[in-house]
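Q: As input, take structure-v6.pdb (PDB, C-alpha atoms and all ligand atoms):
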```
ATOM      1  CA  MET A   1       6.388 -18.315  -7.453
ATOM      2  CA  PRO A   2       8.336 -20.881  -5.421
ATOM      3  CA  SER A   3       6.790 -24.291  -5.192
ATOM      4  CA  THR A   4       6.864 -24.779  -1.444
ATOM      5  CA  SER A   5       4.794 -22.675   0.857
ATOM      6  CA  VAL A   6       6.150 -23.536   4.248
ATOM      7  CA  HIS A   7       9.785 -24.081   4.200
ATOM      8  CA  ALA A   8      12.569 -24.035   6.695
ATOM      9  CA  THR A   9      15.518 -22.196   5.241
ATOM     10  CA  ALA A  10      19.174 -23.134   5.370
ATOM     11  CA  THR A  11      21.658 -21.826   7.892
ATOM     12  CA  THR A  12      23.027 -18.986   5.779
ATOM     13  CA  PRO A  13      23.264 -15.900   7.948
ATOM     14  CA  ARG A  14      21.285 -13.008   6.568
ATOM     15  CA  ARG A  15      22.047  -9.348   6.797
ATOM     16  CA  ARG A  16      19.370  -6.956   7.751
ATOM     17  CA  ARG A  17      18.585  -4.213   5.324
ATOM     18  CA  ALA A  18      20.713  -1.321   6.478
ATOM     19  CA  ARG A  19      18.658   1.479   7.948
ATOM     20  CA  PRO A  20      20.543   4.570   9.095
ATOM     21  CA  ARG A  21      20.053   5.308  12.741
ATOM     22  CA  SER A  22      20.780   8.350  14.784
ATOM     23  CA  PRO A  23      22.206   7.904  18.226
ATOM     24  CA  GLY A  24      19.571   8.488  20.875
ATOM     25  CA  PRO A  25      19.771   8.878  24.621
ATOM     26  CA  PRO A  26      21.086   5.879  26.480
ATOM     27  CA  SER A  27      18.419   3.517  27.690
ATOM     28  CA  ALA A  28      17.511   3.791  31.330
ATOM     29  CA  GLN A  29      15.756   0.459  31.044
ATOM     30  CA  THR A  30      17.080  -2.252  33.242
ATOM     31  CA  ILE A  31      16.766  -5.666  31.722
ATOM     32  CA  GLN A  32      14.831  -7.907  34.025
ATOM     33  CA  ARG A  33      16.004 -11.431  33.598
ATOM     34  CA  THR A  34      13.766 -13.999  35.129
ATOM     35  CA  VAL A  35      15.003 -16.942  33.148
ATOM     36  CA  PRO A  36      14.024 -20.123  34.936
ATOM     37  CA  SER A  37      16.636 -22.260  33.288
ATOM     38  CA  VAL A  38      19.313 -21.703  30.715
ATOM     39  CA  THR A  39      19.841 -24.528  28.301
ATOM     40  CA  ALA A  40      21.580 -24.291  24.960
ATOM     41  CA  ASP A  41      19.522 -26.319  22.564
ATOM     42  CA  SER A  42      19.225 -26.071  18.823
ATOM     43  CA  PHE A  43      16.740 -27.237  16.273
ATOM     44  CA  SER A  44      19.443 -28.653  14.063
ATOM     45  CA  LYS A  45      18.107 -32.122  14.785
ATOM     46  CA  SER A  46      14.472 -31.217  14.374
ATOM     47  CA  SER A  47      12.195 -33.344  12.240
ATOM     48  CA  GLU A  48      12.307 -30.684   9.516
ATOM     49  CA  GLY A  49      16.087 -30.666   9.681
ATOM     50  CA  ALA A  50      15.797 -26.949  10.165
ATOM     51  CA  ASP A  51      18.496 -24.906  11.719
ATOM     52  CA  THR A  52      18.346 -21.382  10.535
ATOM     53  CA  GLY A  53      20.420 -19.681  13.146
ATOM     54  CA  ARG A  54      20.911 -19.482  16.852
ATOM     55  CA  VAL A  55      17.883 -20.517  18.756
ATOM     56  CA  SER A  56      17.833 -18.867  22.125
ATOM     57  CA  ASP A  57      20.748 -18.983  24.475
ATOM     58  CA  CYS A  58      18.341 -17.282  26.801
ATOM     59  CA  CYS A  59      15.684 -19.934  27.008
ATOM     60  CA  ASP A  60      15.316 -23.635  26.764
ATOM     61  CA  SER A  61      13.838 -24.187  23.299
ATOM     62  CA  GLY A  62      13.017 -27.774  24.309
ATOM     63  CA  SER A  63      10.518 -26.397  26.780
ATOM     64  CA  TYR A  64       8.924 -24.320  23.988
ATOM     65  CA  ARG A  65       8.658 -27.454  21.850
ATOM     66  CA  ALA A  66       7.041 -29.327  24.727
ATOM     67  CA  THR A  67       4.601 -26.524  25.497
ATOM     68  CA  PHE A  68       3.768 -25.446  21.945
ATOM     69  CA  SER A  69       3.433 -28.959  20.689
ATOM     70  CA  ASP A  70       1.733 -30.585  17.687
ATOM     71  CA  ARG A  71      -1.330 -30.984  19.858
ATOM     72  CA  PHE A  72      -1.387 -27.287  20.738
ATOM     73  CA  ALA A  73      -0.963 -26.510  17.017
ATOM     74  CA  ARG A  74      -3.833 -28.804  16.022
ATOM     75  CA  ARG A  75      -6.086 -27.036  18.507
ATOM     76  CA  LEU A  76      -5.173 -23.590  17.149
ATOM     77  CA  ALA A  77      -5.644 -24.678  13.545
ATOM     78  CA  ARG A  78      -9.017 -26.291  14.292
ATOM     79  CA  ARG A  79     -10.238 -23.187  16.074
ATOM     80  CA  TYR A  80      -9.207 -20.991  13.160
ATOM     81  CA  ARG A  81     -10.857 -23.301  10.607
ATOM     82  CA  ARG A  82     -14.110 -23.251  12.552
ATOM     83  CA  HIS A  83     -14.268 -19.694  13.808
ATOM     84  CA  GLY A  84     -11.704 -17.601  11.951
ATOM     85  CA  LEU A  85      -9.820 -14.943  13.855
ATOM     86  CA  ASN A  86     -10.841 -14.114  17.397
ATOM     87  CA  ARG A  87     -11.652 -10.593  18.540
ATOM     88  CA  THR A  88      -8.118  -9.758  19.662
ATOM     89  CA  GLN A  89      -6.656 -10.957  16.375
ATOM     90  CA  ARG A  90      -9.241  -8.954  14.438
ATOM     91  CA  ARG A  91      -8.215  -5.822  16.308
ATOM     92  CA  LEU A  92      -4.605  -6.474  15.470
ATOM     93  CA  VAL A  93      -5.334  -7.053  11.771
ATOM     94  CA  GLY A  94      -7.724  -4.078  11.789
ATOM     95  CA  PHE A  95      -4.982  -1.749  13.000
ATOM     96  CA  LEU A  96      -2.593  -2.913  10.286
ATOM     97  CA  ALA A  97      -5.193  -2.878   7.515
ATOM     98  CA  ALA A  98      -6.260   0.657   8.466
ATOM     99  CA  ARG A  99      -2.657   1.844   8.169
ATOM    100  CA  GLY A 100      -2.270   0.047   4.830
ATOM    101  CA  ILE A 101      -0.427  -3.201   4.234
ATOM    102  CA  GLU A 102      -0.762  -3.598   0.500
ATOM    103  CA  GLY A 103       2.554  -4.863  -0.845
ATOM    104  CA  ALA A 104       4.082  -4.904   2.636
ATOM    105  CA  THR A 105       6.584  -7.437   3.867
ATOM    106  CA  VAL A 106       5.604  -8.923   7.217
ATOM    107  CA  LEU A 107       7.796 -10.402   9.918
ATOM    108  CA  GLU A 108       5.803 -12.382  12.439
ATOM    109  CA  ILE A 109       7.663 -13.475  15.544
ATOM    110  CA  GLY A 110       6.159 -16.561  17.161
ATOM    111  CA  GLY A 111       3.425 -16.840  14.550
ATOM    112  CA  GLY A 112       2.284 -20.339  15.507
ATOM    113  CA  VAL A 113       0.203 -21.990  12.788
ATOM    114  CA  GLY A 114       0.148 -18.777  10.760
ATOM    115  CA  ASP A 115      -3.530 -17.849  10.917
ATOM    116  CA  LEU A 116      -2.783 -14.133  11.193
ATOM    117  CA  GLN A 117      -0.417 -14.427   8.273
ATOM    118  CA  VAL A 118      -3.113 -15.896   6.055
ATOM    119  CA  GLU A 119      -5.351 -12.946   6.871
ATOM    120  CA  LEU A 120      -2.617 -10.396   6.216
ATOM    121  CA  LEU A 121      -1.776 -12.005   2.892
ATOM    122  CA  ARG A 122      -5.457 -11.958   1.968
ATOM    123  CA  ARG A 123      -5.372  -8.240   2.676
ATOM    124  CA  ARG A 124      -2.632  -7.881   0.079
ATOM    125  CA  ALA A 125       0.524  -8.086   2.183
ATOM    126  CA  ALA A 126       3.304  -9.220  -0.159
ATOM    127  CA  SER A 127       5.026 -11.927   1.880
ATOM    128  CA  VAL A 128       5.600 -13.159   5.405
ATOM    129  CA  THR A 129       8.583 -14.438   7.317
ATOM    130  CA  ASN A 130       7.651 -16.395  10.415
ATOM    131  CA  LEU A 131      10.140 -16.934  13.228
ATOM    132  CA  GLU A 132       9.521 -19.686  15.739
ATOM    133  CA  LEU A 133      11.214 -21.447  18.616
ATOM    134  CA  SER A 134       8.948 -24.492  18.427
ATOM    135  CA  THR A 135       8.824 -26.872  15.472
ATOM    136  CA  GLY A 136       5.451 -28.178  16.627
ATOM    137  CA  TYR A 137       3.392 -26.058  14.224
ATOM    138  CA  GLU A 138       4.844 -27.050  10.881
ATOM    139  CA  GLU A 139       2.340 -29.646   9.735
ATOM    140  CA  GLN A 140      -0.636 -27.453  10.574
ATOM    141  CA  ALA A 141       1.010 -24.378   9.081
ATOM    142  CA  ARG A 142       1.666 -26.189   5.810
ATOM    143  CA  ASP A 143      -1.877 -27.466   5.690
ATOM    144  CA  LEU A 144      -3.319 -24.033   6.382
ATOM    145  CA  LEU A 145      -1.341 -22.409   3.590
ATOM    146  CA  GLU A 146      -2.250 -25.122   1.135
ATOM    147  CA  ARG A 147      -5.936 -24.791   1.946
ATOM    148  CA  SER A 148      -5.687 -21.018   1.615
ATOM    149  CA  GLY A 149      -3.927 -21.158  -1.741
ATOM    150  CA  LEU A 150      -1.070 -19.078  -0.390
ATOM    151  CA  LYS A 151       1.760 -21.471  -1.079
ATOM    152  CA  GLY A 152       5.101 -19.810  -1.541
ATOM    153  CA  ARG A 153       4.263 -16.570   0.240
ATOM    154  CA  VAL A 154       5.498 -17.594   3.703
ATOM    155  CA  GLU A 155       8.952 -18.492   4.828
ATOM    156  CA  ARG A 156       9.211 -20.263   8.169
ATOM    157  CA  ARG A 157      12.430 -20.077  10.124
ATOM    158  CA  PHE A 158      13.557 -21.350  13.511
ATOM    159  CA  ILE A 159      15.534 -18.592  15.059
ATOM    160  CA  ASP A 160      15.422 -16.352  18.086
ATOM    161  CA  ILE A 161      15.541 -12.759  16.859
ATOM    162  CA  ALA A 162      16.443 -11.570  20.357
ATOM    163  CA  VAL A 163      19.607 -13.657  20.235
ATOM    164  CA  SER A 164      20.506 -13.396  16.536
ATOM    165  CA  PRO A 165      19.017 -10.109  15.306
ATOM    166  CA  ASP A 166      21.524  -9.739  12.497
ATOM    167  CA  GLN A 167      20.316 -12.942  10.875
ATOM    168  CA  VAL A 168      16.849 -11.576  10.294
ATOM    169  CA  GLU A 169      15.894  -9.029   7.663
ATOM    170  CA  ALA A 170      13.829  -6.003   8.560
ATOM    171  CA  ALA A 171      10.238  -5.890   7.291
ATOM    172  CA  ASP A 172       7.610  -3.232   6.746
ATOM    173  CA  VAL A 173       5.412  -4.741   9.424
ATOM    174  CA  VAL A 174       6.345  -6.696  12.554
ATOM    175  CA  VAL A 175       3.776  -8.732  14.483
ATOM    176  CA  LEU A 176       4.017 -10.395  17.902
ATOM    177  CA  HIS A 177       0.736 -11.876  19.069
ATOM    178  CA  ARG A 178       0.808 -13.594  22.488
ATOM    179  CA  VAL A 179       4.590 -13.833  22.274
ATOM    180  CA  VAL A 180       6.236 -11.322  24.580
ATOM    181  CA  CYS A 181       4.506 -13.000  27.533
ATOM    182  CA  CYS A 182       6.234 -16.255  26.517
ATOM    183  CA  TYR A 183       9.704 -14.768  26.600
ATOM    184  CA  PRO A 184      11.576 -13.821  29.783
ATOM    185  CA  ASP A 185      13.641 -10.936  28.418
ATOM    186  CA  TYR A 186      11.094  -8.519  26.983
ATOM    187  CA  HIS A 187      13.688  -5.779  26.582
ATOM    188  CA  ARG A 188      15.863  -7.840  24.313
ATOM    189  CA  LEU A 189      12.954  -9.255  22.328
ATOM    190  CA  LEU A 190      11.109  -5.985  21.811
ATOM    191  CA  SER A 191      14.171  -3.911  21.018
ATOM    192  CA  SER A 192      15.117  -6.444  18.343
ATOM    193  CA  ALA A 193      11.556  -6.574  17.049
ATOM    194  CA  GLY A 194      11.273  -2.782  17.029
ATOM    195  CA  GLY A 195      14.601  -2.413  15.261
ATOM    196  CA  HIS A 196      13.287  -4.667  12.495
ATOM    197  CA  ALA A 197      10.049  -2.740  11.896
ATOM    198  CA  ASN A 198      10.457  -0.352   8.994
ATOM    199  CA  ARG A 199       6.934   1.016   9.294
ATOM    200  CA  LEU A 200       4.539  -0.679  11.710
ATOM    201  CA  LEU A 201       4.667  -2.982  14.717
ATOM    202  CA  VAL A 202       1.763  -4.524  16.543
ATOM    203  CA  TYR A 203       1.909  -6.714  19.629
ATOM    204  CA  THR A 204      -0.350  -8.129  22.287
ATOM    205  CA  HIS A 205       0.374  -8.771  25.945
ATOM    206  CA  PRO A 206      -1.590  -9.752  29.024
ATOM    207  CA  PRO A 207      -2.610  -6.732  31.084
ATOM    208  CA  ALA A 208      -0.670  -6.384  34.326
ATOM    209  CA  HIS A 209      -3.608  -6.651  36.703
ATOM    210  CA  PRO A 210      -4.021  -8.993  39.663
ATOM    211  CA  PHE A 211      -6.318 -11.355  37.765
ATOM    212  CA  THR A 212      -3.855 -12.125  34.948
ATOM    213  CA  ARG A 213      -0.990 -12.317  37.432
ATOM    214  CA  PHE A 214      -2.975 -14.879  39.407
ATOM    215  CA  VAL A 215      -3.930 -16.986  36.360
ATOM    216  CA  ILE A 216      -0.414 -16.949  34.922
ATOM    217  CA  GLY A 217       1.086 -17.617  38.364
ATOM    218  CA  CYS A 218      -1.135 -20.719  38.751
ATOM    219  CA  ASP A 219      -0.202 -21.864  35.271
ATOM    220  CA  ASN A 220       3.480 -21.518  36.036
ATOM    221  CA  MET A 221       3.079 -23.413  39.275
ATOM    222  CA  LEU A 222       1.419 -26.307  37.437
ATOM    223  CA  ARG A 223       4.263 -26.335  34.949
ATOM    224  CA  ARG A 224       6.795 -26.430  37.736
ATOM    225  CA  LEU A 225       4.992 -29.430  39.246
ATOM    226  CA  ARG A 226       5.071 -31.150  35.852
ATOM    227  CA  ARG A 227       8.785 -30.317  35.517
ATOM    228  CA  ASN A 228       8.144 -28.224  32.438
ATOM    229  CA  ASP A 229      10.646 -25.330  32.350
ATOM    230  CA  PHE A 230       8.515 -23.043  30.209
ATOM    231  CA  ARG A 231       7.188 -19.989  32.058
ATOM    232  CA  ALA A 232       4.770 -17.236  31.052
ATOM    233  CA  PHE A 233       5.311 -13.629  32.144
ATOM    234  CA  VAL A 234       3.301 -10.532  32.855
ATOM    235  CA  HIS A 235       5.807  -7.896  31.842
ATOM    236  CA  PRO A 236       5.361  -4.224  32.828
ATOM    237  CA  PRO A 237       3.324  -2.587  30.013
ATOM    238  CA  ASP A 238       4.859   0.887  30.267
ATOM    239  CA  ALA A 239       8.402  -0.466  30.310
ATOM    240  CA  MET A 240       7.664  -2.512  27.178
ATOM    241  CA  LEU A 241       6.365   0.595  25.431
ATOM    242  CA  GLU A 242       9.458   2.515  26.451
ATOM    243  CA  VAL A 243      11.652  -0.089  24.736
ATOM    244  CA  LEU A 244       9.719   0.377  21.500
ATOM    245  CA  ARG A 245       9.788   4.169  21.775
ATOM    246  CA  GLU A 246      13.556   3.977  22.042
ATOM    247  CA  GLN A 247      13.409   2.186  18.694
ATOM    248  CA  GLY A 248      11.683   5.174  17.093
ATOM    249  CA  LEU A 249       8.137   3.812  17.236
ATOM    250  CA  THR A 250       5.130   5.809  18.382
ATOM    251  CA  VAL A 251       1.913   4.361  19.772
ATOM    252  CA  ARG A 252      -1.038   4.820  17.419
ATOM    253  CA  TYR A 253      -3.482   2.315  18.846
ATOM    254  CA  ARG A 254      -4.048   0.731  22.217
ATOM    255  CA  HIS A 255      -6.912  -1.509  23.234
ATOM    256  CA  ARG A 256      -7.070  -2.856  26.765
ATOM    257  CA  GLY A 257      -9.114  -6.054  26.828
ATOM    258  CA  LEU A 258      -9.692  -8.292  29.837
ATOM    259  CA  PHE A 259      -7.113 -10.859  28.729
ATOM    260  CA  TRP A 260      -5.062  -9.109  26.060
ATOM    261  CA  THR A 261      -3.906  -5.587  25.408
ATOM    262  CA  VAL A 262      -3.303  -4.793  21.737
ATOM    263  CA  VAL A 263      -0.737  -2.093  20.951
ATOM    264  CA  GLY A 264      -0.117  -0.739  17.461
ATOM    265  CA  LEU A 265       2.876   1.478  16.743
ATOM    266  CA  GLU A 266       4.225   3.358  13.763
ATOM    267  CA  ARG A 267       7.765   4.408  12.954
ATOM    268  CA  THR A 268       8.187   8.133  13.433
ATOM    269  CA  SER A 269      11.946   8.336  13.855
ATOM    270  CA  ILE A 270      15.034   6.285  13.281
ATOM    271  CA  GLY A 271      15.549   4.919  16.777
ATOM    272  CA  GLN A 272      18.572   3.904  18.751
ATOM    273  CA  PRO A 273      21.442   2.064  17.128
ATOM    274  CA  GLY A 274      21.372  -1.661  17.284
ATOM    275  CA  GLY A 275      17.735  -2.310  17.847
ATOM    276  CA  HIS A 276      18.718  -5.249  19.925
ATOM    277  CA  ALA A 277      20.550  -6.048  23.101
ATOM    278  CA  GLY A 278      23.121  -8.081  21.231
ATOM    279  CA  ALA A 279      24.498  -4.994  19.501
TER     280      ALA A 279
HETATM  281  C1  LIG A 301       1.323 -18.585  22.978
HETATM  282  S1  LIG A 301       2.194 -19.017  21.515
HETATM  283  C2  LIG A 301       1.358 -17.970  20.368
HETATM  284  C3  LIG A 301       1.386 -18.494  18.961
HETATM  285  C4  LIG A 301       0.585 -17.620  17.999
HETATM  286  N1  LIG A 301       1.130 -16.294  17.922
HETATM  287  C5  LIG A 301      -0.849 -17.586  18.441
HETATM  288  O1  LIG A 301      -1.274 -16.593  19.024
HETATM  289  O2  LIG A 301      -1.551 -18.577  18.203
HETATM  290  C6  LIG A 301       3.748 -18.173  21.705
HETATM  291  C7  LIG A 301       4.736 -18.544  20.625
HETATM  292  O3  LIG A 301       5.810 -17.624  20.614
HETATM  293  C8  LIG A 301       6.980 -18.332  20.279
HETATM  294  N2  LIG A 301       8.113 -17.527  20.715
HETATM  295  C9  LIG A 301       8.367 -17.029  21.957
HETATM  296  N3  LIG A 301       9.493 -16.302  21.955
HETATM  297  C10 LIG A 301       9.955 -16.319  20.675
HETATM  298  C11 LIG A 301      11.099 -15.757  20.031
HETATM  299  N4  LIG A 301      11.997 -15.053  20.706
HETATM  300  N5  LIG A 301      11.263 -15.991  18.716
HETATM  301  C12 LIG A 301      10.365 -16.726  18.012
HETATM  302  N6  LIG A 301       9.266 -17.283  18.570
HETATM  303  C13 LIG A 301       9.063 -17.087  19.884
HETATM  304  C14 LIG A 301       6.831 -19.647  21.002
HETATM  305  O4  LIG A 301       7.632 -20.649  20.426
HETATM  306  C15 LIG A 301       5.349 -19.918  20.815
HETATM  307  O5  LIG A 301       5.103 -20.680  19.683
END
```
Let me see the structure of the file written as structure tokens.
A:
Amino acid sequence: MPSTSVHATATTPRRRRARPRSPGPPSAQTIQRTVPSVTADSFSKSSEGADTGRVSDCCDSGSYRATFSDRFARRLARRYRRHGLNRTQRRLVGFLAARGIEGATVLEIGGGVGDLQVELLRRRAASVTNLELSTGYEEQARDLLERSGLKGRVERRFIDIAVSPDQVEAADVVVLHRVVCCYPDYHRLLSSAGGHANRLLVYTHPPAHPFTRFVIGCDNMLRRLRRNDFRAFVHPPDAMLEVLREQGLTVRYRHRGLFWTVVGLERTSIGQPGGHAGA
């Protein structure tokens, strides 16, 4: 077992495991781009010295670092230490556990401090790769894995799968919890994520009702006033599902909560070539 639990890997591009795909119908989905600002920024000068690939040419990764900061990470880690997973997270883990994750490889996109990962590993998942745009979580993530005795089972990388899909390996299970709402181009993100899910994919998103639109709109306005470029999004739920269906995934579970909808999908066919907009 490797000696480090949380490690940022070197820049070597990785190939995805080849999965044959049959051509499907062309996507009718129009990509909605609501990018507030476009700034090329890389983590090559991050405190961890981590640069594992291209970090978003779609979004300003500096604004992710500012928003999902060490302070934000400390709050998440404290909450998990005190209370464990919340109800939405338990639903997400419940879906995966019911489908069977023993020995599974997990790819979590935007996994934050890695609380879900700890729970999936405890339920016998084999290993986790975490992709992040913010370096703010690393200290808490390392601490959490050390406390959990799961050193060496998680690899943490700083890379935007929507931008560099070919640098990320496919996994049995793909997880995106509270992530798609933090990314402007849901089509690109979800098609890449879906294309990397060999068996299961689960994601959460805010429901598209007036209440969440109002709350997220207020939040975005405050950020604008503070000159923070990060924006949250309420993407259209059915259009997001359509992107994943095009990737050969079928909905097996859907829970509509007040703040978060949880959607669990399973691979039932090969999906469209590419699995990402960059193809
Ligand atoms: C609201 S936080 C959620 C963190 C964690 N999943 C949780 O629920 O505590 C959203 C996270 O998604 C990350 N993120 C957004 N788009 C991403 C992408 N394309 N690739 C990797 N991480 C992404 C952000 O950096 C941020 O840390």
Q: Determine, using all atoms listed in the file, which residues of chain A have any atom at most 9 Å from an atom of ligand LIG 301 (chain A), and tabulate each with its shortest atom pair and distance in Å to one decimal place, rows ordered by chain and then rising number, as CSV.
A:
```
residue,atom,partner,partner_atom,distance
A:Val55,CA,A:LIG301,N5,8.0
A:Ser56,CA,A:LIG301,N4,7.1
A:Cys59,CA,A:LIG301,N3,8.8
A:Ser61,CA,A:LIG301,O4,7.7
A:Tyr64,CA,A:LIG301,O4,5.3
A:Arg65,CA,A:LIG301,O4,7.0
A:Thr67,CA,A:LIG301,C15,8.1
A:Phe68,CA,A:LIG301,O5,5.4
A:Ser69,CA,A:LIG301,O5,8.5
A:Ala73,CA,A:LIG301,O2,8.0
A:Leu76,CA,A:LIG301,O2,6.3
A:Ala77,CA,A:LIG301,O2,8.7
A:Gln89,CA,A:LIG301,O1,8.2
A:Glu108,CA,A:LIG301,N1,8.2
A:Ile109,CA,A:LIG301,C12,4.9
A:Gly110,CA,A:LIG301,N6,3.5
A:Gly111,CA,A:LIG301,N1,4.1
A:Gly112,CA,A:LIG301,C3,4.0
A:Val113,CA,A:LIG301,O2,6.6
A:Gly114,CA,A:LIG301,C4,7.3
A:Asp115,CA,A:LIG301,O2,7.6
A:Leu116,CA,A:LIG301,N1,8.1
A:Asn130,CA,A:LIG301,C12,8.1
A:Leu131,CA,A:LIG301,C12,4.8
A:Glu132,CA,A:LIG301,N6,3.7
A:Leu133,CA,A:LIG301,O4,4.1
A:Ser134,CA,A:LIG301,O4,4.5
A:Thr135,CA,A:LIG301,O4,8.0
A:Gly136,CA,A:LIG301,O5,8.1
A:Tyr137,CA,A:LIG301,O5,7.9
A:Arg157,CA,A:LIG301,C12,8.8
A:Phe158,CA,A:LIG301,C12,7.2
A:Ile159,CA,A:LIG301,N5,6.2
A:Asp160,CA,A:LIG301,N5,4.2
A:Ile161,CA,A:LIG301,N5,5.7
A:Ala162,CA,A:LIG301,N4,5.7
A:Val163,CA,A:LIG301,N4,7.8
A:Val175,CA,A:LIG301,N1,8.7
A:Leu176,CA,A:LIG301,N1,6.6
A:His177,CA,A:LIG301,N1,4.6
A:Arg178,CA,A:LIG301,C2,4.9
A:Val179,CA,A:LIG301,O3,4.3
A:Val180,CA,A:LIG301,N3,6.5
A:Cys181,CA,A:LIG301,C6,7.8
A:Cys182,CA,A:LIG301,C9,5.1
A:Tyr183,CA,A:LIG301,N3,4.9
A:Pro184,CA,A:LIG301,N3,8.5
A:Asp185,CA,A:LIG301,N4,8.9
A:Arg188,CA,A:LIG301,N4,8.9
A:Leu189,CA,A:LIG301,N4,6.1
A:Ala232,CA,A:LIG301,C1,8.9
```
Q: What does the file look like for those residues with C-alpha atoms, as a compact mmCIF listing (two decimals), in the coordinates of the input?
A:
```txt
# COMPACT_ATOMS: atom_id res chain seq x y z
CA VAL A 55 17.88 -20.52 18.76
CA SER A 56 17.83 -18.87 22.12
CA CYS A 59 15.68 -19.93 27.01
CA SER A 61 13.84 -24.19 23.30
CA TYR A 64 8.92 -24.32 23.99
CA ARG A 65 8.66 -27.45 21.85
CA THR A 67 4.60 -26.52 25.50
CA PHE A 68 3.77 -25.45 21.94
CA SER A 69 3.43 -28.96 20.69
CA ALA A 73 -0.96 -26.51 17.02
CA LEU A 76 -5.17 -23.59 17.15
CA ALA A 77 -5.64 -24.68 13.54
CA GLN A 89 -6.66 -10.96 16.38
CA GLU A 108 5.80 -12.38 12.44
CA ILE A 109 7.66 -13.48 15.54
CA GLY A 110 6.16 -16.56 17.16
CA GLY A 111 3.42 -16.84 14.55
CA GLY A 112 2.28 -20.34 15.51
CA VAL A 113 0.20 -21.99 12.79
CA GLY A 114 0.15 -18.78 10.76
CA ASP A 115 -3.53 -17.85 10.92
CA LEU A 116 -2.78 -14.13 11.19
CA ASN A 130 7.65 -16.40 10.42
CA LEU A 131 10.14 -16.93 13.23
CA GLU A 132 9.52 -19.69 15.74
CA LEU A 133 11.21 -21.45 18.62
CA SER A 134 8.95 -24.49 18.43
CA THR A 135 8.82 -26.87 15.47
CA GLY A 136 5.45 -28.18 16.63
CA TYR A 137 3.39 -26.06 14.22
CA ARG A 157 12.43 -20.08 10.12
CA PHE A 158 13.56 -21.35 13.51
CA ILE A 159 15.53 -18.59 15.06
CA ASP A 160 15.42 -16.35 18.09
CA ILE A 161 15.54 -12.76 16.86
CA ALA A 162 16.44 -11.57 20.36
CA VAL A 163 19.61 -13.66 20.24
CA VAL A 175 3.78 -8.73 14.48
CA LEU A 176 4.02 -10.40 17.90
CA HIS A 177 0.74 -11.88 19.07
CA ARG A 178 0.81 -13.59 22.49
CA VAL A 179 4.59 -13.83 22.27
CA VAL A 180 6.24 -11.32 24.58
CA CYS A 181 4.51 -13.00 27.53
CA CYS A 182 6.23 -16.26 26.52
CA TYR A 183 9.70 -14.77 26.60
CA PRO A 184 11.58 -13.82 29.78
CA ASP A 185 13.64 -10.94 28.42
CA ARG A 188 15.86 -7.84 24.31
CA LEU A 189 12.95 -9.26 22.33
CA ALA A 232 4.77 -17.24 31.05
```
Q: CA of Ser127 in chain A and CA of Leu150 in chain A, how far apart in Å?
A: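 Pair CA of Leu150 in chain A / CA of Ser127 in chain A returns 9.7 Å.
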Q: Tell me which of A:Glu242, A:Leu107, A:Arg224, A:Ile216 sits closest to His196 in chain A, counting all atoms listed in the file.
A: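 Under the stated criterion, the closest residue is A:Leu107.
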Q: For Ile101 in chain A, which of A:His205, A:Arg122, A:His83, A:Arg213 is the closest residue, counting only C-alpha atoms?
A: A:Arg122
Q: Separation of CA of Ser63 in chain A and CA of Asn228 in chain A, in Å?
A: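 Calculated distance between CA of Ser63 in chain A and CA of Asn228 in chain A is 6.4 Å.
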Q: Could you write out as a PDB file with C-alpha atoms, keeping the file's coordinate frame the residues that the PyMOL selection byres (((chain A and resi 266-268) around 7) and not hetatm) matches in the shown file?
A:
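Everything below was put into part_26.pdb:
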```pdb
ATOM      1  CA  ASN A 198      10.457  -0.352   8.994  1.00  0.00           C
ATOM      2  CA  ARG A 199       6.934   1.016   9.294  1.00  0.00           C
ATOM      3  CA  LEU A 200       4.539  -0.679  11.710  1.00  0.00           C
ATOM      4  CA  LEU A 201       4.667  -2.982  14.717  1.00  0.00           C
ATOM      5  CA  GLY A 248      11.683   5.174  17.093  1.00  0.00           C
ATOM      6  CA  LEU A 249       8.137   3.812  17.236  1.00  0.00           C
ATOM      7  CA  THR A 250       5.130   5.809  18.382  1.00  0.00           C
ATOM      8  CA  VAL A 251       1.913   4.361  19.772  1.00  0.00           C
ATOM      9  CA  ARG A 252      -1.038   4.820  17.419  1.00  0.00           C
ATOM     10  CA  LEU A 265       2.876   1.478  16.743  1.00  0.00           C
ATOM     11  CA  SER A 269      11.946   8.336  13.855  1.00  0.00           C
TER      12      SER A 269
END
```
Q: So which one's closest to Val215 in chain A, A:Tyr186, A:Phe230, A:Phe259, A:Tyr203? Using only C-alpha atoms, please.
A: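 For Val215 in chain A, the nearest of the candidates is A:Phe259.
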Q: With all atoms listed in the file as the atoms that count, which of A:Leu120, A:Ala171, A:Val154, A:Leu96 lies nearest to Val263 in chain A?
A: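 Checking each candidate against Val263 in chain A, we get A:Leu96 as the closest.
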Q: One number please: CA of Gly103 in chain A to CA of Val173 in chain A, in Å, one decimal.
A: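 Value for the CA of Gly103 in chain A-CA of Val173 in chain A distance: 10.7 Å.
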Q: Residues around (12.8, 5.5, 19.1), cut-off 7 Å, counting only C-alpha atoms - what are they as a list in words?
A: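 The answer, in the requested form, is Leu244, Arg245, Glu246, Gln247, Gly248, Leu249, Ser269, Ile270, Gly271 and Gln272 of chain A.
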Q: Put the listed atoms of range 106-111 of chain A in a box along x, y and z with 8 Å added on every side and give me the centre and edge lengths in Å to one decimal, as lines of an AutoDock Vina configuration file.
A:
```
center_x = 5.6
center_y = -12.9
center_z = 12.2
size_x = 20.4
size_y = 23.9
size_z = 25.9
```
Q: Counting only C-alpha atoms, write as a compact mmCIF listing (two decimals) with C-alpha atoms, in the frame of the given file all protein and nucleic acid residues lying at most 9 Å from (-8.1, -7.0, 29.5) in the file's frame.
A:
```txt
# COMPACT_ATOMS: atom_id res chain seq x y z
CA PRO A 206 -1.59 -9.75 29.02
CA PRO A 207 -2.61 -6.73 31.08
CA ALA A 208 -0.67 -6.38 34.33
CA HIS A 209 -3.61 -6.65 36.70
CA THR A 212 -3.86 -12.12 34.95
CA HIS A 255 -6.91 -1.51 23.23
CA ARG A 256 -7.07 -2.86 26.76
CA GLY A 257 -9.11 -6.05 26.83
CA LEU A 258 -9.69 -8.29 29.84
CA PHE A 259 -7.11 -10.86 28.73
CA TRP A 260 -5.06 -9.11 26.06
CA THR A 261 -3.91 -5.59 25.41
```
